[in-house]
file work.tsv (TSV, C-alpha atoms)
chain	number	residue	atom	x	y	z
A	1	MET	CA	29.99	-42.56	-107.34
A	2	ALA	CA	31.79	-43.76	-110.38
A	3	ALA	CA	35.36	-44.03	-109.13
A	4	ASN	CA	36.65	-47.18	-107.58
A	5	PRO	CA	36.47	-46.88	-103.78
A	6	TYR	CA	39.94	-48.40	-103.37
A	7	ASP	CA	41.37	-45.70	-105.62
A	8	LEU	CA	39.45	-43.00	-103.76
A	9	LEU	CA	40.97	-44.07	-100.46
A	10	GLY	CA	44.33	-44.70	-102.09
A	11	VAL	CA	44.66	-48.27	-100.85
A	12	SER	CA	45.20	-51.55	-102.65
A	13	SER	CA	42.40	-54.08	-102.93
A	14	SER	CA	44.28	-56.28	-100.50
A	15	ALA	CA	44.58	-53.61	-97.80
A	16	SER	CA	43.68	-54.65	-94.25
A	17	ALA	CA	40.69	-53.19	-92.42
A	18	SER	CA	42.97	-51.10	-90.24
A	19	ASP	CA	44.85	-49.76	-93.28
A	20	ILE	CA	41.54	-48.72	-94.80
A	21	GLN	CA	40.48	-46.96	-91.63
A	22	LYS	CA	43.85	-45.21	-91.40
A	23	ALA	CA	43.65	-44.10	-95.02
A	24	TYR	CA	40.11	-42.84	-94.55
A	25	ARG	CA	40.90	-40.90	-91.42
A	26	LYS	CA	43.88	-39.30	-93.04
A	27	LEU	CA	41.78	-38.12	-95.97
A	28	ALA	CA	38.81	-37.12	-93.81
A	29	LYS	CA	41.00	-34.91	-91.64
A	30	LYS	CA	42.07	-33.08	-94.75
A	31	LEU	CA	38.67	-33.00	-96.42
A	32	HIS	CA	36.08	-32.66	-93.68
A	33	PRO	CA	34.10	-29.54	-94.68
A	34	ASP	CA	34.13	-28.23	-91.13
A	35	LEU	CA	37.90	-28.37	-91.12
A	36	ASN	CA	37.91	-26.45	-94.42
A	37	PRO	CA	35.21	-23.84	-93.89
A	38	GLY	CA	36.18	-21.81	-96.94
A	39	ASP	CA	36.70	-24.62	-99.42
A	40	LYS	CA	33.52	-25.30	-101.36
A	41	SER	CA	34.96	-28.33	-103.16
A	42	ALA	CA	35.85	-30.04	-99.88
A	43	GLU	CA	32.30	-31.18	-99.33
A	44	GLU	CA	32.06	-33.07	-102.62
A	45	LYS	CA	35.39	-34.79	-102.12
A	46	PHE	CA	34.59	-35.58	-98.51
A	47	LYS	CA	31.31	-37.17	-99.56
A	48	GLU	CA	33.05	-39.41	-102.07
A	49	VAL	CA	35.65	-40.52	-99.59
A	50	THR	CA	33.04	-41.11	-96.90
A	51	ALA	CA	30.93	-43.16	-99.29
A	52	ALA	CA	33.99	-45.22	-100.21
A	53	TYR	CA	34.72	-45.82	-96.55
A	54	ASP	CA	31.10	-46.71	-95.78
A	55	LEU	CA	31.52	-49.48	-98.31
A	56	LEU	CA	35.04	-50.70	-97.54
A	57	GLY	CA	35.01	-50.05	-93.79
A	58	ASP	CA	32.25	-52.61	-93.35
A	59	ALA	CA	33.64	-56.13	-93.80
A	60	ASP	CA	30.38	-57.57	-95.07
A	61	LYS	CA	29.75	-54.81	-97.62
A	62	ARG	CA	33.36	-54.93	-98.71
A	63	LYS	CA	33.11	-58.64	-99.43
A	64	ARG	CA	29.93	-58.20	-101.44
A	65	PHE	CA	31.58	-55.40	-103.39
A	66	ASP	CA	34.69	-57.52	-104.05
A	67	ASP	CA	32.42	-60.36	-105.23
A	68	GLY	CA	30.67	-57.97	-107.58
A	69	GLU	CA	27.30	-58.29	-105.79
A	70	ILE	CA	26.99	-54.55	-105.23
A	71	ASP	CA	28.63	-51.61	-106.91
A	72	ALA	CA	29.90	-48.36	-105.51
A	73	SER	CA	26.79	-46.38	-106.31
A	74	GLY	CA	24.03	-45.62	-103.86
A	75	ALA	CA	26.34	-45.66	-100.92
A	76	GLU	CA	26.30	-41.93	-100.37
A	77	ARG	CA	25.20	-40.61	-97.06
A	78	PRO	CA	22.13	-38.42	-97.02
A	79	GLN	CA	22.62	-34.69	-97.50
A	80	GLN	CA	24.18	-33.30	-94.38
A	81	HIS	CA	24.33	-29.75	-93.10
A	82	PHE	CA	27.77	-29.09	-91.81
A	83	TYR	CA	28.55	-26.88	-88.91
A	84	ARG	CA	30.30	-24.41	-91.18
A	85	ASP	CA	26.92	-23.66	-92.82
A	86	TYR	CA	25.78	-22.18	-89.51
A	87	ALA	CA	29.01	-20.80	-88.13
A	88	GLY	CA	29.58	-18.98	-91.40
A	89	SER	CA	26.21	-17.29	-91.53
A	90	GLU	CA	25.90	-13.54	-91.20
A	91	GLU	CA	24.14	-13.74	-87.89
A	92	SER	CA	26.28	-13.51	-84.85
A	93	HIS	CA	27.45	-16.81	-83.61
A	94	PRO	CA	27.96	-17.51	-79.94
A	95	TYR	CA	31.01	-19.68	-80.44
A	96	ALA	CA	33.11	-17.56	-82.76
A	97	ASN	CA	36.04	-16.14	-80.89
A	98	SER	CA	38.49	-13.39	-81.61
A	99	GLY	CA	41.50	-15.13	-80.03
A	100	GLY	CA	43.07	-15.57	-83.44
A	101	PHE	CA	43.38	-11.87	-84.23
A	102	ALA	CA	42.79	-9.89	-81.04
A	103	ASP	CA	46.35	-8.54	-81.28
A	104	PHE	CA	45.51	-6.88	-84.59
A	105	MET	CA	42.69	-4.97	-82.93
A	106	ASP	CA	45.04	-3.43	-80.38
A	107	ARG	CA	46.99	-1.57	-83.01
A	108	ASP	CA	46.35	1.98	-83.96
A	109	ASP	CA	45.43	1.95	-87.63
A	110	VAL	CA	42.48	1.72	-89.94
A	111	LEU	CA	42.47	-2.05	-90.04
A	112	ALA	CA	42.39	-2.26	-86.25
A	113	GLU	CA	39.61	0.29	-86.16
A	114	LEU	CA	37.50	-1.68	-88.63
A	115	LEU	CA	38.14	-4.93	-86.80
A	116	ARG	CA	37.16	-3.39	-83.49
A	117	ARG	CA	33.96	-2.02	-84.94
A	118	GLY	CA	33.03	-5.37	-86.46
A	119	GLN	CA	33.79	-7.10	-83.22
A	120	GLN	CA	31.55	-4.89	-81.16
A	121	ALA	CA	28.74	-5.36	-83.62
A	122	ARG	CA	28.96	-9.11	-83.58
A	123	ALA	CA	30.50	-10.91	-80.68
A	124	ASN	CA	28.80	-11.13	-77.34
A	125	ARG	CA	26.01	-8.95	-78.52
A	126	ARG	CA	23.57	-7.87	-75.89
A	127	GLY	CA	19.99	-8.91	-76.59
A	128	GLU	CA	17.67	-6.39	-78.12
A	129	ASP	CA	15.42	-4.20	-76.06
A	130	LEU	CA	11.80	-5.08	-76.57
A	131	HIS	CA	9.17	-2.36	-76.63
A	132	TYR	CA	5.71	-2.67	-75.20
A	133	ARG	CA	2.77	-0.36	-74.54
A	134	LEU	CA	0.74	-0.54	-71.41
A	135	PRO	CA	-2.46	1.50	-70.90
A	136	ILE	CA	-3.39	2.26	-67.30
A	137	GLU	CA	-6.18	4.21	-65.61
A	138	PHE	CA	-5.50	7.74	-64.47
A	139	VAL	CA	-5.99	6.93	-60.79
A	140	GLU	CA	-3.51	4.04	-61.14
A	141	SER	CA	-0.96	6.47	-62.51
A	142	ILE	CA	-1.25	8.57	-59.33
A	143	SER	CA	-1.46	5.84	-56.71
A	144	GLY	CA	0.71	3.22	-58.42
A	145	THR	CA	-0.29	-0.38	-59.03
A	146	ASN	CA	0.90	-3.76	-60.25
A	147	LYS	CA	0.05	-4.79	-63.79
A	148	ARG	CA	0.54	-7.96	-65.75
A	149	LEU	CA	1.43	-7.52	-69.39
A	150	THR	CA	0.64	-10.34	-71.82
A	151	LEU	CA	3.39	-10.65	-74.41
A	152	PRO	CA	2.89	-11.54	-78.08
A	153	ASP	CA	4.52	-14.94	-77.49
A	154	GLY	CA	2.01	-15.74	-74.76
A	155	GLY	CA	4.36	-15.05	-71.87
A	156	THR	CA	3.62	-12.50	-69.19
A	157	LEU	CA	5.54	-9.72	-67.59
A	158	ASP	CA	4.75	-8.29	-64.17
A	159	VAL	CA	5.11	-4.54	-64.15
A	160	LYS	CA	5.18	-2.43	-61.02
A	161	ILE	CA	3.77	1.00	-61.79
A	162	PRO	CA	5.32	3.50	-59.41
A	163	PRO	CA	3.02	6.21	-57.99
A	164	GLY	CA	3.03	9.50	-59.87
A	165	LEU	CA	3.85	8.18	-63.29
A	166	VAL	CA	3.05	10.42	-66.27
A	167	ASP	CA	1.63	9.60	-69.68
A	168	GLY	CA	4.32	8.44	-72.13
A	169	GLN	CA	6.83	7.60	-69.41
A	170	ILE	CA	8.96	4.56	-70.19
A	171	LEU	CA	9.66	1.91	-67.60
A	172	ARG	CA	12.75	-0.20	-68.08
A	173	LEU	CA	12.71	-3.78	-66.84
A	174	LYS	CA	16.30	-4.90	-66.79
A	175	GLY	CA	17.02	-8.21	-68.47
A	176	LYS	CA	13.45	-8.78	-69.62
A	177	GLY	CA	14.20	-8.16	-73.30
A	178	ALA	CA	15.47	-10.52	-75.98
A	179	PRO	CA	18.27	-12.91	-75.01
A	180	GLY	CA	21.78	-11.92	-76.02
A	181	ALA	CA	24.55	-13.74	-77.84
A	182	GLY	CA	27.54	-15.20	-76.06
A	183	THR	CA	28.16	-13.36	-72.82
A	184	GLY	CA	26.12	-10.38	-74.03
A	185	GLY	CA	23.24	-10.87	-71.64
A	186	PRO	CA	19.62	-10.14	-72.40
A	187	GLY	CA	18.22	-6.76	-73.39
A	188	ASP	CA	15.64	-4.84	-71.43
A	189	ALA	CA	11.91	-4.57	-71.75
A	190	LEU	CA	10.92	-0.96	-72.36
A	191	ILE	CA	7.33	-0.32	-71.44
A	192	GLU	CA	5.72	2.88	-72.57
A	193	VAL	CA	2.89	3.62	-70.22
A	194	GLU	CA	-0.16	5.27	-71.63
A	195	VAL	CA	-2.31	7.00	-69.03
A	196	LEU	CA	-5.91	6.83	-70.19
A	197	PRO	CA	-7.86	10.08	-69.93
A	198	ASP	CA	-10.18	10.31	-66.96
A	199	ARG	CA	-13.56	11.95	-67.13
A	200	ARG	CA	-13.05	13.67	-63.77
A	201	PHE	CA	-9.37	14.38	-63.31
A	202	THR	CA	-6.76	16.14	-65.37
A	203	ARG	CA	-3.14	16.54	-64.46
A	204	ASP	CA	-0.91	19.59	-64.50
A	205	GLY	CA	2.57	18.78	-63.23
A	206	ASP	CA	2.20	17.43	-59.73
A	207	ASN	CA	-1.24	18.89	-59.34
A	208	VAL	CA	-4.47	17.19	-60.20
A	209	SER	CA	-7.47	19.26	-61.24
A	210	LEU	CA	-11.09	18.42	-60.86
A	211	GLU	CA	-14.28	20.27	-61.70
A	212	LEU	CA	-16.74	19.83	-58.87
A	213	PRO	CA	-20.42	20.61	-59.39
A	214	ILE	CA	-22.06	22.30	-56.38
A	215	SER	CA	-25.62	23.38	-55.77
A	216	LEU	CA	-26.72	26.97	-55.57
A	217	SER	CA	-27.37	26.65	-51.87
A	218	GLU	CA	-23.91	25.16	-51.23
A	219	ALA	CA	-22.46	28.09	-53.16
A	220	VAL	CA	-24.42	30.76	-51.36
A	221	LEU	CA	-24.48	29.31	-47.87
A	222	GLY	CA	-21.36	27.14	-47.89
A	223	GLY	CA	-21.22	23.55	-46.60
A	224	GLN	CA	-19.43	20.24	-46.44
A	225	VAL	CA	-19.10	18.29	-49.71
A	226	ARG	CA	-17.56	14.96	-50.61
A	227	VAL	CA	-14.80	15.30	-53.20
A	228	PRO	CA	-13.22	12.46	-55.16
A	229	THR	CA	-9.40	12.33	-55.20
A	230	PRO	CA	-7.23	9.76	-56.99
A	231	ASN	CA	-6.79	8.04	-53.62
A	232	GLY	CA	-10.44	8.02	-52.61
A	233	HIS	CA	-13.02	10.50	-51.36
A	234	VAL	CA	-12.41	13.27	-48.81
A	235	THR	CA	-14.70	15.83	-47.22
A	236	MET	CA	-14.09	19.48	-48.04
A	237	SER	CA	-15.69	22.70	-46.79
A	238	VAL	CA	-17.10	24.98	-49.45
A	239	PRO	CA	-16.93	28.49	-48.06
A	240	LYS	CA	-19.96	30.72	-48.02
A	241	GLY	CA	-20.34	32.76	-51.22
A	242	SER	CA	-18.33	30.46	-53.50
A	243	ASN	CA	-18.72	30.91	-57.21
A	244	THR	CA	-18.33	29.01	-60.45
A	245	GLY	CA	-14.60	29.08	-61.13
A	246	THR	CA	-13.64	29.37	-57.47
A	247	THR	CA	-10.70	27.02	-57.04
A	248	LEU	CA	-10.07	25.31	-53.73
A	249	ARG	CA	-6.86	23.54	-52.93
A	250	LEU	CA	-6.66	20.14	-51.24
A	251	ARG	CA	-3.06	19.99	-50.06
A	252	GLY	CA	-1.14	16.81	-50.71
A	253	LYS	CA	-3.93	15.14	-52.64
A	254	GLY	CA	-2.19	15.40	-56.02
A	255	ALA	CA	0.49	13.30	-57.64
A	256	PRO	CA	3.53	12.20	-55.63
A	257	ARG	CA	6.66	14.27	-56.25
A	258	ARG	CA	9.94	12.62	-57.03
A	259	GLU	CA	11.66	14.56	-54.27
A	260	GLY	CA	9.02	13.50	-51.73
A	261	GLY	CA	5.63	14.81	-50.74
A	262	SER	CA	2.79	15.29	-53.17
A	263	GLY	CA	1.19	17.95	-55.30
A	264	ASP	CA	-2.26	19.31	-54.59
A	265	GLU	CA	-5.69	18.66	-55.92
A	266	LEU	CA	-7.26	21.79	-57.33
A	267	VAL	CA	-11.01	21.69	-57.06
A	268	LYS	CA	-12.70	24.07	-59.42
A	269	LEU	CA	-16.28	24.73	-58.42
A	270	LYS	CA	-19.14	24.87	-60.85
A	271	ILE	CA	-22.57	25.96	-59.75
A	272	VAL	CA	-25.28	23.77	-61.17
A	273	LEU	CA	-28.94	24.75	-60.94
A	274	PRO	CA	-31.62	22.10	-60.41
A	275	ARG	CA	-32.37	20.26	-63.60
A	276	SER	CA	-36.09	21.11	-63.70
A	277	PRO	CA	-37.22	24.73	-63.24
A	278	ASP	CA	-38.30	25.40	-59.67
A	279	PRO	CA	-41.25	27.80	-59.15
A	280	ASP	CA	-40.01	28.88	-55.69
A	281	LEU	CA	-36.58	29.76	-57.06
A	282	GLU	CA	-38.16	31.69	-59.92
A	283	ALA	CA	-40.41	33.58	-57.51
A	284	PHE	CA	-37.46	34.41	-55.28
A	285	VAL	CA	-35.22	35.63	-58.09
A	286	SER	CA	-37.95	37.82	-59.63
A	287	ASN	CA	-38.45	39.49	-56.22
A	288	TRP	CA	-34.67	39.86	-55.70
A	289	SER	CA	-34.13	43.43	-56.87
A	290	LYS	CA	-30.36	43.52	-56.17
A	291	GLY	CA	-29.86	40.54	-58.42
A	292	LYS	CA	-31.29	42.43	-61.36
A	293	ASN	CA	-28.81	45.24	-60.94
A	294	HIS	CA	-25.82	42.92	-60.87
A	295	ASN	CA	-24.08	42.78	-64.27
A	296	PRO	CA	-21.37	40.08	-64.23
A	297	ARG	CA	-20.24	41.19	-67.71
A	298	GLU	CA	-19.23	44.65	-66.50
A	299	GLY	CA	-15.64	45.41	-67.32
A	300	GLY	CA	-15.39	42.25	-69.37
A	301	PRO	CA	-16.70	40.96	-72.65
A	302	SER	CA	-20.27	42.08	-73.24
B	1	MET	CA	14.57	-23.36	-85.47
B	2	ILE	CA	14.74	-23.53	-81.69
B	3	LEU	CA	14.79	-26.97	-80.09
B	4	SER	CA	14.16	-28.10	-76.55
B	5	LYS	CA	16.67	-30.40	-74.88
B	6	GLN	CA	14.58	-33.46	-75.76
B	7	GLU	CA	14.21	-32.37	-79.39
B	8	PHE	CA	17.92	-31.73	-79.57
B	9	LEU	CA	18.73	-35.22	-78.31
B	10	THR	CA	16.44	-36.72	-80.94
B	11	ALA	CA	17.75	-34.56	-83.77
B	12	SER	CA	21.42	-35.12	-82.98
B	13	GLY	CA	21.28	-38.71	-81.80
B	14	VAL	CA	23.41	-37.76	-78.80
B	15	GLN	CA	22.91	-39.60	-75.50
B	16	VAL	CA	21.83	-37.49	-72.55
B	17	GLU	CA	24.99	-38.34	-70.52
B	18	THR	CA	27.14	-37.40	-73.49
B	19	LEU	CA	25.33	-34.08	-73.79
B	20	GLU	CA	25.88	-33.36	-70.09
B	21	PHE	CA	29.60	-33.96	-70.57
B	22	TRP	CA	29.74	-31.69	-73.62
B	23	LEU	CA	27.94	-28.95	-71.73
B	24	VAL	CA	30.42	-29.20	-68.88
B	25	GLN	CA	33.28	-29.02	-71.41
B	26	GLU	CA	31.51	-26.04	-73.01
B	27	TRP	CA	31.74	-27.69	-76.40
B	28	LEU	CA	28.11	-26.73	-76.70
B	29	ILE	CA	26.76	-23.51	-75.22
B	30	PRO	CA	23.02	-23.51	-75.84
B	31	GLU	CA	20.94	-20.48	-75.07
B	32	GLN	CA	19.63	-20.33	-71.54
B	33	THR	CA	16.33	-18.59	-70.84
B	34	GLY	CA	15.37	-19.01	-67.23
B	35	ALA	CA	15.27	-22.71	-66.47
B	36	GLU	CA	14.85	-23.61	-70.12
B	37	THR	CA	17.72	-24.64	-72.38
B	38	ARG	CA	17.19	-23.92	-76.03
B	39	PHE	CA	19.24	-25.39	-78.87
B	40	SER	CA	19.61	-24.01	-82.37
B	41	ASP	CA	20.12	-25.80	-85.67
B	42	GLY	CA	23.71	-24.61	-85.42
B	43	ASP	CA	24.05	-26.48	-82.12
B	44	VAL	CA	22.79	-29.65	-83.79
B	45	ALA	CA	25.32	-29.25	-86.60
B	46	ARG	CA	28.06	-28.60	-84.06
B	47	ALA	CA	27.06	-31.76	-82.21
B	48	ARG	CA	27.36	-33.67	-85.48
B	49	LEU	CA	30.80	-32.20	-86.02
B	50	ILE	CA	31.88	-33.36	-82.56
B	51	GLN	CA	30.56	-36.85	-83.35
B	52	ASN	CA	32.41	-36.81	-86.68
B	53	LEU	CA	35.61	-35.81	-84.96
B	54	LYS	CA	35.29	-38.55	-82.38
B	55	THR	CA	34.06	-41.46	-84.49
B	56	ASP	CA	35.15	-40.83	-88.09
B	57	LEU	CA	38.38	-39.03	-87.39
B	58	GLY	CA	39.38	-40.84	-84.23
B	59	VAL	CA	39.97	-37.65	-82.25
B	60	ASN	CA	39.93	-38.08	-78.47
B	61	ASP	CA	38.35	-35.66	-75.98
B	62	GLU	CA	41.49	-33.56	-75.58
B	63	GLY	CA	41.73	-33.38	-79.35
B	64	VAL	CA	38.10	-32.30	-79.69
B	65	ASP	CA	38.76	-29.55	-77.19
B	66	VAL	CA	41.70	-28.24	-79.21
B	67	ALA	CA	39.96	-28.65	-82.56
B	68	LEU	CA	36.84	-26.78	-81.44
B	69	HIS	CA	38.89	-24.00	-79.91
B	70	LEU	CA	40.86	-23.53	-83.12
B	71	LEU	CA	37.72	-23.80	-85.25
B	72	ASP	CA	35.97	-21.15	-83.16
B	73	GLN	CA	38.92	-18.86	-83.70
B	74	LEU	CA	38.90	-19.66	-87.40
B	75	HIS	CA	35.21	-18.75	-87.64
B	76	GLY	CA	35.85	-15.63	-85.62
B	77	MET	CA	38.49	-14.67	-88.18
B	78	ARG	CA	36.19	-15.52	-91.04
B	79	HIS	CA	33.52	-13.26	-89.56
B	80	ALA	CA	36.04	-10.48	-89.09
B	81	LEU	CA	37.28	-10.94	-92.63
B	82	ALA	CA	33.75	-10.91	-94.07
B	83	ARG	CA	32.99	-7.80	-92.08
B	84	LEU	CA	36.19	-6.10	-93.25
B	85	HIS	CA	35.34	-7.01	-96.80
B	86	LYS	CA	31.96	-5.37	-96.45
B	87	ASP	CA	33.33	-2.27	-94.73
B	88	ILE	CA	35.98	-1.77	-97.37
B	89	ALA	CA	33.43	-2.16	-100.16
B	90	GLU	CA	31.29	0.46	-98.43
B	91	LEU	CA	34.19	2.85	-98.02
B	92	ARG	CA	35.04	2.46	-101.68
B	93	SER	CA	31.52	3.10	-102.89
B	94	ARG	CA	31.28	6.18	-100.67
B	95	ARG	CA	34.44	7.58	-102.14
B	96	SER	CA	33.36	7.10	-105.75

call {"tool": "encode", "arguments": {"input": "work.tsv", "output": "structure tokens"}}
result
Amino acid sequence: MAANPYDLLGVSSSASASDIQKAYRKLAKKLHPDLNPGDKSAEEKFKEVTAAYDLLGDADKRKRFDDGEIDASGAERPQQHFYRDYAGSEESHPYANSGGFADFMDRDDVLAELLRRGQQARANRRGEDLHYRLPIEFVESISGTNKRLTLPDGGTLDVKIPPGLVDGQILRLKGKGAPGAGTGGPGDALIEVEVLPDRRFTRDGDNVSLELPISLSEAVLGGQVRVPTPNGHVTMSVPKGSNTGTTLRLRGKGAPRREGGSGDELVKLKIVLPRSPDPDLEAFVSNWSKGKNHNPREGGPS
Amino acid sequence: MILSKQEFLTASGVQVETLEFWLVQEWLIPEQTGAETRFSDGDVARARLIQNLKTDLGVNDEGVDVALHLLDQLHGMRHALARLHKDIAELRSRRS
């Protein structure tokens, strides 16, 4: 700072301490960068005046300056970020308020339209929705469950999976997204649920399908078999003379319907012969003359 | 940068009772997530402005209230003006 601090504050070298303070305050009110957000030169001038006041506002420093012990240099305050640097940034600012021009937005012209649009985009902006993916097991998608999602920032989110949810369905957790600006309120967490494929069950609408292996004797003679369903095992009767492809229906064992009740489980039978060849079975089939005359390909692909 | 209440007090040099008063006055409106209060760098700068107003400029509490209110409106207008500026530039370039 080269200029004489007395000149900068506009006071005489014999001014009283209170005159100096008064002069400084008067200048600072005019020059404070935050009171002149659009004036780039204000900051430089304000710094000079502040430095002058730091020197002359302190009786001891002032005396040493008057005696020529110190000069006006080196008295500047460290670099300061003013509020205007933040309030003026592009990002929405929670404090900015439209009270100064709201009346212009009420009019019916292009300017009002542009102002309104800008206002909606900026002020009181609702927080963003955050997207997550959550894989769940097939049976969980039918019966419903509670899951805890670990977020990238280390936080957790408890998610209630409702029964009957389908792959790709999006759950919305209100207010669990990013925080908003001003009175905008937080966004939502949107959780896309991925239903992992199951090696037993497949889903078709509200129905659940299952391929159930049965033995030859169960197929020919019928019997009671245990069948898995998404909600646990049940016992089912296989009627006499069932075949591969025969589909049996377990009522109400499928996925819950939105309107109440549940779909069915469709059990598709598949006859499975014993793994190792059985001499008795071979002997029986070779003596079974009717079996040789039966052509299952008749009337179909040959 | 996001600061906790303690970090804010250190960064701004504001006393905890003073901060409580400012919060009640709504001179500062930090972000609230659950029970946690989070301050931004802008909040720190705003705190410094309030201190400047009170100590350097000799503004009393009523004066700070008025000054902040007017400043917030001024920044609101500046945002609106900047936005208008951008929109008009866009409209022009679309037309040409």

call {"tool": "closest_residue", "arguments": {"input": "work.tsv", "among": "B:Gln73, B:Val66, B:Lys5, B:Thr10", "to": "chain A", "atoms": "all atoms listed in the file"}}
result
B:Gln73

call {"tool": "residues_around", "arguments": {"input": "work.tsv", "residues": "Pro163 of chain A", "least_positions_apart": "4", "cutoff": "12 Å", "atoms": "all atoms listed in the file", "output": "PyMOL selection string"}}
result
chain A and resi 136+138-146+206+230-231+254-258+260-262

call {"tool": "residues_around", "arguments": {"input": "work.tsv", "residues": "Arg126 of chain A", "least_positions_apart": "5", "cutoff": "7 Å", "atoms": "all atoms listed in the file", "output": "VMD selection string"}}
result
chain A and resid 180 to 181 184 to 187

call {"tool": "residues_around", "arguments": {"input": "work.tsv", "residues": "Lys270 of chain A", "least_positions_apart": "6", "cutoff": "12 Å", "atoms": "all atoms listed in the file", "output": "VMD selection string"}}
result
chain A and resid 210 to 216 218 to 219 238 242 to 248

call {"tool": "atom_distance", "arguments": {"input": "work.tsv", "atom1": "atom CA of Leu114 of chain A", "atom2": "atom CA of Leu81 of chain B"}}
result
10.1 Å

call {"tool": "interface_residues", "arguments": {"input": "work.tsv", "of": "chain B", "to": "chain A", "cutoff": "6 Å", "atoms": "all atoms listed in the file", "output": "PyMOL selection string"}}
result
chain B and resi 42+45-46+57+72-73+75-76

call {"tool": "residues_around", "arguments": {"input": "work.tsv", "residues": "Val195 of chain A", "least_positions_apart": "2", "cutoff": "8 Å", "atoms": "all atoms listed in the file", "output": "list in words"}}
result
Pro135, Ile136, Glu137, Phe138, Ser141, Val166, Asp167, Gly168, Val193 and Pro197 of chain A

call {"tool": "closest_residue", "arguments": {"input": "work.tsv", "among": "A:Leu151, A:Leu190, A:Val285, A:Leu165", "to": "Asp129 of chain A", "atoms": "only C-alpha atoms"}}
result
A:Leu190

call {"tool": "atom_distance", "arguments": {"input": "work.tsv", "atom1": "atom CA of Ala67 of chain B", "atom2": "atom CA of Ala80 of chain B"}}
result
19.7 Å

call {"tool": "closest_residue", "arguments": {"input": "work.tsv", "among": "A:Asp106, A:Gly175, A:Asp198, A:Lys63", "to": "Gly34 of chain B", "atoms": "all atoms listed in the file"}}
result
A:Gly175

call {"tool": "closest_residue", "arguments": {"input": "work.tsv", "among": "A:Val208, A:Ile170, A:Leu9, A:Val267", "to": "Met236 of chain A", "atoms": "all atoms listed in the file"}}
result
A:Val267
